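Next up, entry-v4.txt (compact mmCIF, C-alpha atoms):
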```txt
# COMPACT_ATOMS: atom_id res chain seq x y z
CA MET A 22 -15.56 11.99 25.26
CA GLN A 23 -14.48 12.99 28.79
CA LYS A 24 -15.00 9.41 30.01
CA ILE A 25 -12.25 8.02 27.80
CA ASP A 26 -9.36 6.75 29.94
CA VAL A 27 -6.34 8.23 28.15
CA PHE A 28 -3.78 6.48 30.34
CA SER A 29 -5.33 3.06 29.67
CA LEU A 30 -5.34 3.72 25.91
CA PHE A 31 -1.66 4.60 25.97
CA VAL A 32 -0.93 1.51 28.08
CA ALA A 33 -2.80 -0.66 25.57
CA MET A 34 -0.90 0.89 22.66
CA THR A 35 2.45 0.34 24.37
CA LEU A 36 1.56 -3.29 25.09
CA ASN A 37 0.54 -3.80 21.46
CA LEU A 38 3.77 -2.22 20.25
CA SER A 39 5.77 -4.43 22.61
CA ILE A 40 4.04 -7.56 21.33
CA MET A 41 4.67 -6.50 17.72
CA ALA A 42 8.29 -5.65 18.44
CA VAL A 43 8.82 -9.22 19.65
CA ALA A 44 6.48 -11.04 17.26
CA LEU A 45 7.45 -9.42 13.95
CA PRO A 46 11.09 -10.61 13.89
CA TYR A 47 9.98 -14.10 14.96
CA PHE A 48 7.23 -14.55 12.37
CA MET A 49 8.97 -12.70 9.54
CA GLY A 50 12.06 -14.88 9.94
CA ARG A 51 15.17 -14.00 7.96
CA VAL A 52 14.54 -10.68 6.27
CA ASN A 53 16.47 -8.16 4.20
CA ARG A 54 17.68 -4.68 5.10
CA ALA A 55 14.38 -2.81 4.69
CA ALA A 56 12.43 -5.17 6.96
CA ARG A 57 15.20 -5.03 9.57
CA TYR A 58 14.99 -1.23 9.53
CA ALA A 59 11.21 -1.38 9.98
CA GLN A 60 11.57 -3.85 12.87
CA THR A 61 14.19 -1.64 14.50
CA GLY A 62 11.88 1.36 14.11
CA ILE A 63 9.09 -0.44 15.94
CA VAL A 64 11.47 -1.55 18.72
CA LEU A 65 12.74 2.01 19.20
CA GLN A 66 9.24 3.48 19.30
CA THR A 67 8.21 0.82 21.82
CA ALA A 68 11.23 1.72 23.97
CA GLY A 69 10.26 5.38 23.70
CA TRP A 70 6.79 4.76 25.07
CA ILE A 71 8.18 2.58 27.87
CA PHE A 72 10.56 5.38 28.85
CA LEU A 73 7.68 7.85 28.73
CA PHE A 74 5.56 5.73 31.07
CA SER A 75 8.55 5.25 33.36
CA SER A 76 8.97 9.03 33.59
CA SER A 77 5.42 9.34 34.96
CA ALA A 78 6.36 7.07 37.89
CA VAL A 79 9.18 9.29 39.18
CA GLU A 80 9.25 12.76 40.69
CA ARG A 81 7.90 15.24 38.19
CA GLY A 82 10.58 17.65 37.00
CA GLY A 83 13.41 15.74 38.71
CA TRP A 84 16.57 14.43 37.10
CA ALA A 85 15.03 10.97 36.50
CA ASP A 86 12.01 12.52 34.81
CA HIS A 87 14.37 14.66 32.70
CA LEU A 88 16.48 11.66 31.65
CA LEU A 89 13.64 9.25 30.94
CA SER A 90 11.59 11.82 29.04
CA THR A 91 14.59 12.78 26.90
CA LEU A 92 15.32 9.12 26.15
CA ALA A 93 11.67 8.68 25.20
CA MET A 94 11.81 11.52 22.69
CA GLY A 95 15.12 10.26 21.27
CA CYS A 96 13.80 6.72 20.81
CA VAL A 97 10.52 7.79 19.19
CA SER A 98 12.23 10.12 16.72
CA SER A 99 15.00 7.58 15.99
CA GLY A 100 12.34 4.96 15.31
CA MET A 101 10.84 7.25 12.69
CA VAL A 102 14.28 7.57 11.04
CA PHE A 103 14.56 3.79 10.71
CA ASN A 104 11.02 3.58 9.35
CA ALA A 105 11.89 6.26 6.79
CA MET A 106 14.88 4.21 5.63
CA ALA A 107 12.70 1.12 5.24
CA PHE A 108 10.08 3.01 3.25
CA GLN A 109 12.71 4.43 0.89
CA ILE A 110 14.12 0.98 0.14
CA TRP A 111 10.64 -0.44 -0.39
CA CYS A 112 9.99 2.36 -2.89
CA GLY A 113 13.17 1.46 -4.77
CA ARG A 114 15.16 4.52 -3.74
CA LYS A 115 18.58 4.87 -2.16
CA VAL A 116 18.58 5.54 1.56
CA SER A 117 18.87 9.28 2.23
CA VAL A 118 17.59 10.36 5.65
CA ARG A 119 19.81 13.28 6.58
CA THR A 120 16.80 15.54 7.13
CA PRO A 121 14.89 13.13 9.45
CA ILE A 122 18.14 12.46 11.36
CA ALA A 123 18.86 16.17 11.73
CA ILE A 124 15.31 16.78 13.00
CA ALA A 125 15.62 13.85 15.46
CA VAL A 126 18.89 15.19 16.89
CA LEU A 127 17.62 18.76 17.04
CA MET A 128 14.38 17.72 18.70
CA THR A 129 16.05 15.53 21.34
CA VAL A 130 18.78 18.05 22.23
CA GLY A 131 16.34 20.98 22.29
CA TYR A 132 13.89 19.00 24.40
CA SER A 133 16.59 18.19 26.95
CA ILE A 134 17.88 21.76 27.12
CA GLY A 135 14.41 23.27 27.50
CA PHE A 136 12.97 20.53 29.70
CA SER A 137 12.30 22.83 32.66
CA ASN A 138 10.00 24.98 30.49
CA TYR A 139 6.87 22.85 30.00
CA PRO A 140 5.23 24.93 27.22
CA PHE A 141 8.50 25.02 25.29
CA ARG A 142 9.30 21.33 25.54
CA VAL A 143 5.74 20.24 24.59
CA GLY A 144 5.56 22.63 21.67
CA TRP A 145 9.11 21.85 20.54
CA ALA A 146 8.84 18.06 20.69
CA ASN A 147 5.43 17.80 19.04
CA ALA A 148 6.23 20.36 16.34
CA LEU A 149 9.50 18.69 15.33
CA LEU A 150 7.97 15.21 15.43
CA ALA A 151 5.24 16.49 13.12
CA LEU A 152 7.90 17.99 10.83
CA GLN A 153 9.85 14.72 10.83
CA ILE A 154 6.72 12.79 9.88
CA ALA A 155 6.01 15.35 7.14
CA THR A 156 9.36 14.58 5.49
CA VAL A 157 8.48 10.88 5.46
CA VAL A 158 5.02 11.56 4.01
CA VAL A 159 6.59 13.61 1.22
CA GLU A 160 8.90 10.70 0.38
CA LEU A 161 5.97 8.28 0.31
CA CYS A 162 4.03 10.54 -2.05
CA ARG A 163 6.89 10.73 -4.55
CA PRO A 164 6.60 8.27 -7.49
CA PRO A 165 8.37 5.05 -6.49
CA LYS A 166 11.22 3.59 -8.54
CA VAL A 167 9.67 0.12 -8.48
CA ALA A 168 6.12 -1.17 -8.73
CA VAL A 169 4.56 -1.07 -5.25
CA GLY A 170 1.12 -1.72 -3.89
CA ARG A 171 -1.29 0.57 -2.09
CA TRP A 172 0.51 0.17 1.21
CA ARG A 173 2.38 3.46 0.67
CA TRP A 174 -0.90 5.39 0.50
CA LEU A 175 -2.13 3.65 3.65
CA LEU A 176 1.09 4.68 5.38
CA ALA A 177 0.87 8.22 4.02
CA ILE A 178 -2.69 8.58 5.36
CA CYS A 179 -1.81 7.14 8.78
CA LEU A 180 1.26 9.32 9.15
CA SER A 181 -0.60 12.42 7.93
CA ILE A 182 -3.25 11.95 10.61
CA GLN A 183 -0.56 11.58 13.24
CA MET A 184 1.23 14.65 11.89
CA ILE A 185 -1.91 16.80 12.13
CA VAL A 186 -2.64 15.65 15.68
CA LEU A 187 0.98 16.30 16.74
CA ALA A 188 0.87 19.77 15.20
CA CYS A 189 -2.32 20.54 17.17
CA ARG A 190 -0.69 19.30 20.36
CA ALA A 191 2.33 21.51 19.65
CA VAL A 192 0.15 24.63 19.33
CA LEU A 193 -1.93 23.81 22.40
CA GLY A 194 1.09 22.89 24.52
CA ALA A 195 3.07 25.97 23.57
CA PHE A 196 0.37 28.65 23.51
CA TYR A 197 -2.65 27.24 25.35
CA THR A 198 -0.97 25.30 28.12
CA ALA A 199 -4.04 25.47 30.37
CA GLU A 200 -5.89 23.28 27.85
CA PHE A 201 -3.08 20.72 27.86
CA PRO A 202 -1.29 20.72 31.24
CA ASN A 203 -0.51 17.00 31.45
CA PHE A 204 0.36 14.35 28.87
CA PHE A 205 -1.81 11.62 30.41
CA GLY A 206 -4.64 13.86 31.54
CA PRO A 207 -8.25 13.41 30.24
CA TYR A 208 -8.06 16.39 27.91
CA LEU A 209 -9.62 16.49 24.47
CA VAL A 210 -6.31 16.66 22.59
CA ASN A 211 -4.94 13.72 24.60
CA GLN A 212 -8.05 11.68 23.89
CA ILE A 213 -7.84 12.36 20.17
CA PHE A 214 -4.13 11.57 20.18
CA ALA A 215 -4.62 8.34 22.13
CA LEU A 216 -7.44 7.11 19.88
CA SER A 217 -5.68 8.04 16.65
CA SER A 218 -2.34 6.60 17.81
CA ASN A 219 -3.91 3.23 18.62
CA SER A 220 -5.75 2.91 15.32
CA MET A 221 -2.98 4.37 13.15
CA MET A 222 -0.39 2.15 14.81
CA VAL A 223 -2.33 -0.98 13.83
CA LEU A 224 -2.86 0.22 10.27
CA SER A 225 0.81 1.21 9.97
CA VAL A 226 1.95 -2.26 10.95
CA VAL A 227 -0.45 -3.72 8.38
CA ALA A 228 1.09 -1.42 5.77
CA ILE A 229 4.61 -2.50 6.77
CA LEU A 230 3.66 -6.17 6.39
CA LEU A 231 2.15 -5.45 2.96
CA ALA A 232 5.29 -3.59 1.92
CA HIS A 233 7.44 -6.52 3.03
CA ARG A 234 5.20 -8.90 1.08
CA ASP A 235 5.55 -6.73 -2.04
CA GLU A 236 9.32 -6.77 -1.75
CA ALA A 237 9.38 -10.54 -1.23
CA ALA A 238 7.27 -10.99 -4.37
CA ARG A 239 9.66 -8.77 -6.37
CA GLU A 240 12.62 -10.75 -5.07
CA LEU A 241 11.01 -14.04 -6.08
CA GLU A 242 10.34 -12.62 -9.54
CA ARG A 243 13.95 -11.47 -9.80
CA LEU A 244 15.27 -14.87 -8.74
CA ALA A 245 13.01 -16.53 -11.30
CA MET A 246 14.60 -14.39 -14.04
CA GLN A 247 18.26 -14.30 -12.96
CA ASP A 248 21.08 -16.74 -12.57
CA SER A 249 21.82 -16.85 -8.85
CA LEU A 250 25.62 -17.08 -9.21
CA THR A 251 26.37 -14.45 -11.81
CA GLY A 252 23.35 -12.15 -11.74
CA ALA A 253 22.89 -12.54 -15.51
CA LEU A 254 19.52 -13.45 -16.97
CA ASN A 255 18.79 -17.16 -16.89
CA ARG A 256 17.90 -19.15 -19.99
CA ARG A 257 14.14 -18.89 -19.50
CA ALA A 258 14.17 -15.10 -19.13
CA TRP A 259 16.60 -14.68 -22.04
CA LEU A 260 14.51 -16.82 -24.38
CA LEU A 261 11.43 -14.79 -23.51
CA GLN A 262 13.16 -11.45 -24.07
CA SER A 263 15.00 -12.64 -27.17
CA GLY A 264 11.77 -13.81 -28.78
CA ILE A 265 10.35 -10.32 -28.35
CA GLU A 266 13.47 -8.68 -29.81
CA LEU A 267 13.54 -11.08 -32.76
CA ALA A 268 9.91 -10.32 -33.61
CA SER A 269 10.72 -6.61 -33.44
CA SER A 270 13.68 -7.02 -35.79
CA VAL A 271 11.44 -8.76 -38.33
CA ARG A 272 8.76 -6.10 -38.05
CA TYR A 273 11.15 -3.18 -38.52
CA ARG A 274 13.46 -4.94 -40.99
CA GLN A 275 16.50 -4.60 -38.74
CA PRO A 276 19.42 -7.04 -38.58
CA ILE A 277 19.94 -9.05 -35.42
CA GLY A 278 22.72 -11.41 -34.41
CA LEU A 279 23.24 -14.17 -31.87
CA LEU A 280 26.54 -15.06 -30.22
CA LEU A 281 26.91 -18.35 -28.36
CA LEU A 282 29.99 -18.43 -26.12
CA ASP A 283 31.59 -21.31 -24.21
CA LEU A 284 34.47 -20.90 -21.74
CA ASP A 285 37.49 -22.92 -22.81
CA TYR A 286 38.65 -25.78 -20.60
CA PHE A 287 36.32 -24.86 -17.78
CA LYS A 288 36.42 -28.34 -16.24
CA GLN A 289 40.18 -28.04 -16.09
CA ILE A 290 39.84 -24.70 -14.28
CA ASN A 291 37.61 -26.33 -11.64
CA ASP A 292 39.91 -29.35 -11.30
CA THR A 293 43.11 -27.29 -11.08
CA HIS A 294 42.03 -24.20 -9.13
CA GLY A 295 38.88 -25.37 -7.35
CA HIS A 296 35.19 -24.67 -7.82
CA ALA A 297 35.37 -21.35 -5.95
CA VAL A 298 37.79 -20.02 -8.58
CA GLY A 299 35.55 -21.50 -11.27
CA ASP A 300 32.63 -19.53 -9.85
CA ARG A 301 34.75 -16.36 -9.86
CA ALA A 302 35.64 -17.02 -13.49
CA LEU A 303 31.95 -17.19 -14.40
CA GLN A 304 31.23 -13.99 -12.48
CA LEU A 305 34.16 -12.23 -14.15
CA PHE A 306 32.93 -13.34 -17.56
CA VAL A 307 29.52 -11.79 -16.87
CA SER A 308 31.23 -8.60 -15.72
CA GLY A 309 32.93 -8.54 -19.11
CA LEU A 310 29.64 -9.02 -20.94
CA GLN A 311 28.16 -6.13 -18.95
CA ALA A 312 31.16 -3.94 -19.78
CA VAL A 313 31.12 -4.47 -23.55
CA SER A 314 27.37 -4.71 -24.16
CA ARG A 315 25.40 -1.82 -25.60
CA ALA A 316 22.00 -0.72 -24.40
CA GLY A 317 19.60 -3.26 -25.86
CA ASP A 318 22.01 -6.20 -26.02
CA VAL A 319 20.55 -9.14 -24.11
CA PHE A 320 22.83 -11.76 -22.57
CA CYS A 321 22.35 -14.72 -20.26
CA ARG A 322 24.03 -17.66 -18.68
CA TYR A 323 22.63 -20.29 -20.99
CA GLY A 324 23.85 -23.22 -18.92
CA GLY A 325 27.03 -24.30 -17.14
CA GLU A 326 29.89 -22.35 -18.71
CA GLU A 327 27.86 -21.41 -21.79
CA PHE A 328 26.53 -17.90 -22.42
CA CYS A 329 24.32 -16.31 -25.07
CA VAL A 330 24.16 -12.76 -26.38
CA LEU A 331 21.49 -11.35 -28.67
CA LEU A 332 22.66 -8.16 -30.40
CA LYS A 333 19.97 -5.84 -31.72
CA CYS A 334 20.48 -3.88 -34.95
CA ALA A 335 23.79 -5.72 -35.41
CA THR A 336 25.42 -6.68 -38.70
CA PRO A 337 27.94 -9.56 -38.87
CA ASP A 338 30.75 -6.98 -38.55
CA ALA A 339 29.10 -5.51 -35.45
CA VAL A 340 28.85 -8.96 -33.86
CA MET A 341 32.53 -9.62 -34.60
CA ALA A 342 33.40 -6.22 -33.13
CA TYR A 343 31.50 -7.19 -29.96
CA ASP A 344 33.47 -10.43 -29.85
CA GLN A 345 36.77 -8.54 -30.16
CA ARG A 346 35.82 -6.14 -27.38
CA MET A 347 35.03 -9.08 -25.15
CA ARG A 348 38.33 -10.81 -25.86
CA GLN A 349 40.27 -7.62 -25.21
CA TRP A 350 38.41 -7.06 -21.95
CA LEU A 351 39.22 -10.58 -20.75
CA ALA A 352 42.87 -10.19 -21.73
CA GLN A 353 43.06 -7.04 -19.58
CA HIS A 354 41.24 -8.39 -16.54
CA SER A 355 41.40 -12.20 -16.27
CA ILE A 356 45.07 -12.60 -15.28
CA GLN A 357 44.80 -9.75 -12.78
CA GLU A 358 41.59 -11.10 -11.22
CA LEU A 359 42.08 -14.86 -11.54
CA GLY A 360 45.80 -15.41 -12.00
CA PHE A 361 45.36 -17.06 -15.41
CA GLU A 362 44.02 -16.14 -18.83
CA LEU A 363 40.36 -16.82 -19.45
CA SER A 364 39.35 -17.52 -23.02
CA TYR A 365 36.31 -18.79 -24.86
CA SER A 366 35.09 -20.24 -28.13
CA ALA A 367 32.04 -18.80 -29.85
CA GLY A 368 29.62 -19.29 -32.71
CA ILE A 369 27.67 -16.59 -34.54
CA ALA A 370 24.27 -16.86 -36.18
CA MET A 371 22.46 -14.03 -37.94
CA ARG A 372 18.76 -13.78 -38.71
CA GLU A 373 18.60 -14.80 -42.34
CA HIS A 374 14.87 -15.04 -42.99
CA ASP A 375 11.68 -13.73 -41.44
CA SER A 376 10.78 -17.31 -40.54
CA ASP A 377 13.87 -17.72 -38.34
CA SER A 378 13.22 -18.40 -34.67
CA ILE A 379 15.54 -18.14 -31.69
CA ASP A 380 15.76 -21.94 -31.66
CA THR A 381 16.93 -22.15 -35.29
CA MET A 382 19.47 -19.38 -34.71
CA LEU A 383 20.73 -21.17 -31.59
CA GLN A 384 21.11 -24.39 -33.60
CA ARG A 385 23.21 -22.65 -36.25
CA ALA A 386 25.30 -20.84 -33.62
CA ASP A 387 25.87 -24.16 -31.84
CA VAL A 388 27.18 -25.74 -35.04
CA ALA A 389 29.56 -22.80 -35.51
CA LEU A 390 30.65 -23.09 -31.85
CA TYR A 391 31.37 -26.80 -32.34
CA ASP A 392 33.54 -25.96 -35.37
CA ALA A 393 35.39 -23.31 -33.32
CA LYS A 394 36.17 -25.88 -30.64
CA SER A 395 37.29 -28.40 -33.28
CA GLN A 396 39.74 -25.85 -34.70
CA GLY A 397 41.57 -25.48 -31.40
CA ARG A 398 39.26 -23.24 -29.31
CA GLY A 399 39.82 -19.59 -28.47
CA CYS A 400 38.22 -18.40 -31.70
CA THR A 401 34.87 -17.30 -33.07
CA LEU A 402 33.24 -18.68 -36.21
CA ALA A 403 30.06 -17.70 -38.01
CA SER A 404 27.53 -20.20 -39.22
CA PRO A 405 27.39 -20.48 -43.02
CA VAL A 406 24.60 -18.54 -44.67
CA ARG A 407 21.66 -20.77 -45.37
CA LEU A 408 20.25 -20.33 -48.87
CA SER A 409 16.52 -19.96 -49.11
CA ALA A 410 14.62 -22.57 -51.05
```
Could you write out this structure as structure tokens?
Amino acid sequence: MQKIDVFSLFVAMTLNLSIMAVALPYFMGRVNRAARYAQTGIVLQTAGWIFLFSSSAVERGGWADHLLSTLAMGCVSSGMVFNAMAFQIWCGRKVSVRTPIAIAVLMTVGYSIGFSNYPFRVGWANALLALQIATVVVELCRPPKVAVGRWRWLLAICLSIQMIVLACRAVLGAFYTAEFPNFFGPYLVNQIFALSSNSMMVLSVVAILLAHRDEAARELERLAMQDSLTGALNRRAWLLQSGIELASSVRYRQPIGLLLLDLDYFKQINDTHGHAVGDRALQLFVSGLQAVSRAGDVFCRYGGEEFCVLLKCATPDAVMAYDQRMRQWLAQHSIQELGFELSYSAGIAMREHDSDSIDTMLQRADVALYDAKSQGRGCTLASPVRLSA
């Protein structure tokens, strides 16, 4: 073990980090917020190690050593903050890193103030870095808000190993300084730290890439289910969900209604006000659907300016009440948001028989919608009840 060249291992790790800091943004291409945070974390940690090596080339204990070493600690701990933010987003949680930030500030300031006291600064820096990592490990071990792969356990294991080694270095540096008098010296704790840092660094980057892949897959799945302009479900996703809800209504003998809505004179809106305003009108309409829908109501952009709503456990009166809420919402918001009144025509179809499908209900609602348009638009009509044979 004594033959291990600690300095060379740290040099190799810094070179690997530098290569990754440059290569990851290039090969990952355009990325979202979480991946940018992870990339920034790697860049900051790379800068920290470069500062640390630079401090070993100047007079020990001088002002340059003090400055470079403090910058090194600040960069390494700041990099962990950015990594923590990335991990939280990848786990589906809101970013909340006040504790890691507070530890990073406290560690850097305390390190700078107590720099002249070697046992203090070694114990302080390693202990607080271990504590900072512990907060990240705790976050990774919490149940995620979205489905994630095993990358979080790989990260938790890698960070836990680093945390344990840092805690040991803190104890040795603070209370057994003779066993740990120099960061780059061939001492057992340095050798363990150098070996673990190299291996854990590689595995951590693998975990970050897996996390980014997971998020990209979730985003592709979301895009496959949502309309890109309005954020509403697209027709394919709505038909799938509506088929499930219709089967449930048959099984439990519950009423269910379908509302097919079409914005009035939408081509005229585009021609008069421009397509950008037309897009805003569609987005506003979806905002209205979100505002008036109950939990369990399923709506989508069916195509163009046409929208569909499936209302669970809804009687004809309940569907009409939904329609009235929607019209009132548009009356309150469309002129204010768009500068003109936005209206629609609609057709209603109820499930009449157990053999009804979404397609047959859509056909009946479309006939009722056609009649509503023929009667001057801006109204809602229900399809006539079909008598059973």
Atom pair CA of Phe328 in chain A / CA of Leu284 in chain A: separation (Å)
8.5 Å
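Remark: for Trp172 in chain A, the closest of the candidate residues A:Ile124, A:Ser249, A:Arg385, A:Trp111 is A:Trp111 (distances computed over only C-alpha atoms).
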Residue with smallest distance to Arg372 in chain A - pool A:Gly144, A:Gly131, A:Pro46, A:Gly278, counting only C-alpha atoms
A:Gly278
Per residue of range 315-344 of chain A within 7 Å of range 251-257 of chain A, record the nearest atom pair and its distance in Å to one decimal, counting only C-alpha atoms, with rows in chain order and ascending residue number, as JSON lines.
```
{"residue": "A:Phe320", "atom": "CA", "partner": "A:Leu254", "partner_atom": "CA", "distance": 6.7}
{"residue": "A:Cys321", "atom": "CA", "partner": "A:Leu254", "partner_atom": "CA", "distance": 4.5}
{"residue": "A:Arg322", "atom": "CA", "partner": "A:Asn255", "partner_atom": "CA", "distance": 5.6}
{"residue": "A:Tyr323", "atom": "CA", "partner": "A:Arg256", "partner_atom": "CA", "distance": 5.0}
```
Per-residue nearest contacts of range 222-333 of chain A to range 32-42 of chain A (12 Å; all atoms listed in the file) as CSV:
```
residue,atom,partner,partner_atom,distance
A:Met222,CA,A:Met34,CA,8.0
A:Val223,CA,A:Asn37,CA,8.6
A:Ser225,CA,A:Leu38,CA,11.2
A:Val226,CA,A:Met41,CA,8.4
A:Val227,CA,A:Met41,CA,11.0
A:Ile229,CA,A:Met41,CA,11.7
A:Leu230,CA,A:Met41,CA,11.4
```
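The interatomic distance for the pair CA of Ala393 in chain A and CA of Leu281 in chain A works out to 11.0 Å.
Separating CA of Thr91 in chain A from CA of Met128 in chain A is a distance of 9.6 Å.
Proximity ranking of A:Ala215, A:Gly299, A:Leu305, A:Asp375 relative to Tyr273 in chain A places A:Asp375 first, based on all atoms listed in the file.
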Closest to Leu383 in chain A among A:Ala228, A:Met184, A:Leu260, A:Leu149, using all atoms listed in the file?
A:Leu260
Report as a PyMOL selection string all protein, DNA and RNA residues lying within 10 Å of Ala199 in chain A, evaluated on all atoms listed in the file, omitting residues in the same chain fewer than 5 positions from it.
chain A and resi 140+193-194
Just write the chosen residues, C-alpha atoms, as a compact mmCIF listing (two decimals), in the coordinates of the input.
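Listed below is the output, result08.txt:
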```txt
# COMPACT_ATOMS: atom_id res chain seq x y z
CA PRO A 140 5.23 24.93 27.22
CA LEU A 193 -1.93 23.81 22.40
CA GLY A 194 1.09 22.89 24.52
```
Give me the residues within 9 Å of Ser133 in chain A as a list in words, counting all atoms listed in the file and dropping any in the same chain fewer than 4 places off.
His87, Leu88, Ser90, Thr91, Met128, Thr129, Ser137 and Arg142 of chain A
For the point (21.7, -7.8, -27.3) in file coordinates, what residues are within 9 Å, counting all atoms listed in the file? Give the answer as number ranges by chain?
A: 263, 266, 277-279, 314-320, 330-335
Residues from last step as file, C-alpha atoms, as an mmCIF file, keeping the file's coordinate frame:
```
data_model
loop_
_atom_site.group_PDB
_atom_site.id
_atom_site.type_symbol
_atom_site.label_atom_id
_atom_site.label_comp_id
_atom_site.auth_asym_id
_atom_site.auth_seq_id
_atom_site.Cartn_x
_atom_site.Cartn_y
_atom_site.Cartn_z
ATOM 1 C CA SER A 263 15.000 -12.640 -27.170
ATOM 2 C CA GLU A 266 13.470 -8.680 -29.810
ATOM 3 C CA ILE A 277 19.940 -9.050 -35.420
ATOM 4 C CA GLY A 278 22.720 -11.410 -34.410
ATOM 5 C CA LEU A 279 23.240 -14.170 -31.870
ATOM 6 C CA SER A 314 27.370 -4.710 -24.160
ATOM 7 C CA ARG A 315 25.400 -1.820 -25.600
ATOM 8 C CA ALA A 316 22.000 -0.720 -24.400
ATOM 9 C CA GLY A 317 19.600 -3.260 -25.860
ATOM 10 C CA ASP A 318 22.010 -6.200 -26.020
ATOM 11 C CA VAL A 319 20.550 -9.140 -24.110
ATOM 12 C CA PHE A 320 22.830 -11.760 -22.570
ATOM 13 C CA VAL A 330 24.160 -12.760 -26.380
ATOM 14 C CA LEU A 331 21.490 -11.350 -28.670
ATOM 15 C CA LEU A 332 22.660 -8.160 -30.400
ATOM 16 C CA LYS A 333 19.970 -5.840 -31.720
ATOM 17 C CA CYS A 334 20.480 -3.880 -34.950
ATOM 18 C CA ALA A 335 23.790 -5.720 -35.410
#
```
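Shortest atom-to-atom contact with Ser366 in chain A among A:Gln247, A:Leu280, A:Met382, A:Asn291: A:Leu280, counting only C-alpha atoms.
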Box for range 170-186 of chain A - axis-aligned, 3 Å on each of the six sides, all listed atoms - centre and size in Å to one decimal, as AutoDock Vina command-line options.
```
--center_x -0.4 --center_y 7.5 --center_z 5.9 --size_x 11.6 --size_y 24.5 --size_z 25.6
```
Find the residue from A:Cys189, A:Leu45, A:Leu363, A:Ala55 that sits nearest to Lys115 in chain A; use all atoms listed in the file when measuring.
A:Ala55
Because some atoms of range 148-159 of chain A are absent here, can you restore N, CA and C atoms and send them as a CSV table (one decimal), in the frame of the given file?
```csv
chain,number,residue,atom,x,y,z
A,148,ALA,N,6.1,19.7,17.6
A,148,ALA,CA,6.2,20.4,16.3
A,148,ALA,C,7.3,19.7,15.5
A,149,LEU,N,8.4,19.3,16.1
A,149,LEU,CA,9.5,18.7,15.3
A,149,LEU,C,9.2,17.2,15.0
A,150,LEU,N,8.4,16.5,15.8
A,150,LEU,CA,8.0,15.2,15.4
A,150,LEU,C,7.0,15.3,14.2
A,151,ALA,N,6.1,16.3,14.2
A,151,ALA,CA,5.2,16.5,13.1
A,151,ALA,C,6.0,16.8,11.8
A,152,LEU,N,7.1,17.6,12.0
A,152,LEU,CA,7.9,18.0,10.8
A,152,LEU,C,8.6,16.8,10.3
A,153,GLN,N,9.1,15.9,11.2
A,153,GLN,CA,9.8,14.7,10.8
A,153,GLN,C,8.9,13.8,10.1
A,154,ILE,N,7.7,13.6,10.6
A,154,ILE,CA,6.7,12.8,9.9
A,154,ILE,C,6.4,13.4,8.5
A,155,ALA,N,6.3,14.7,8.4
A,155,ALA,CA,6.0,15.4,7.1
A,155,ALA,C,7.0,15.0,6.1
A,156,THR,N,8.3,14.9,6.5
A,156,THR,CA,9.4,14.6,5.5
A,156,THR,C,9.2,13.2,5.0
A,157,VAL,N,8.7,12.3,5.9
A,157,VAL,CA,8.5,10.9,5.5
A,157,VAL,C,7.3,10.8,4.5
A,158,VAL,N,6.2,11.6,4.9
A,158,VAL,CA,5.0,11.6,4.0
A,158,VAL,C,5.4,12.1,2.6
A,159,VAL,N,6.2,13.1,2.5
A,159,VAL,CA,6.6,13.6,1.2
A,159,VAL,C,7.3,12.5,0.4
```
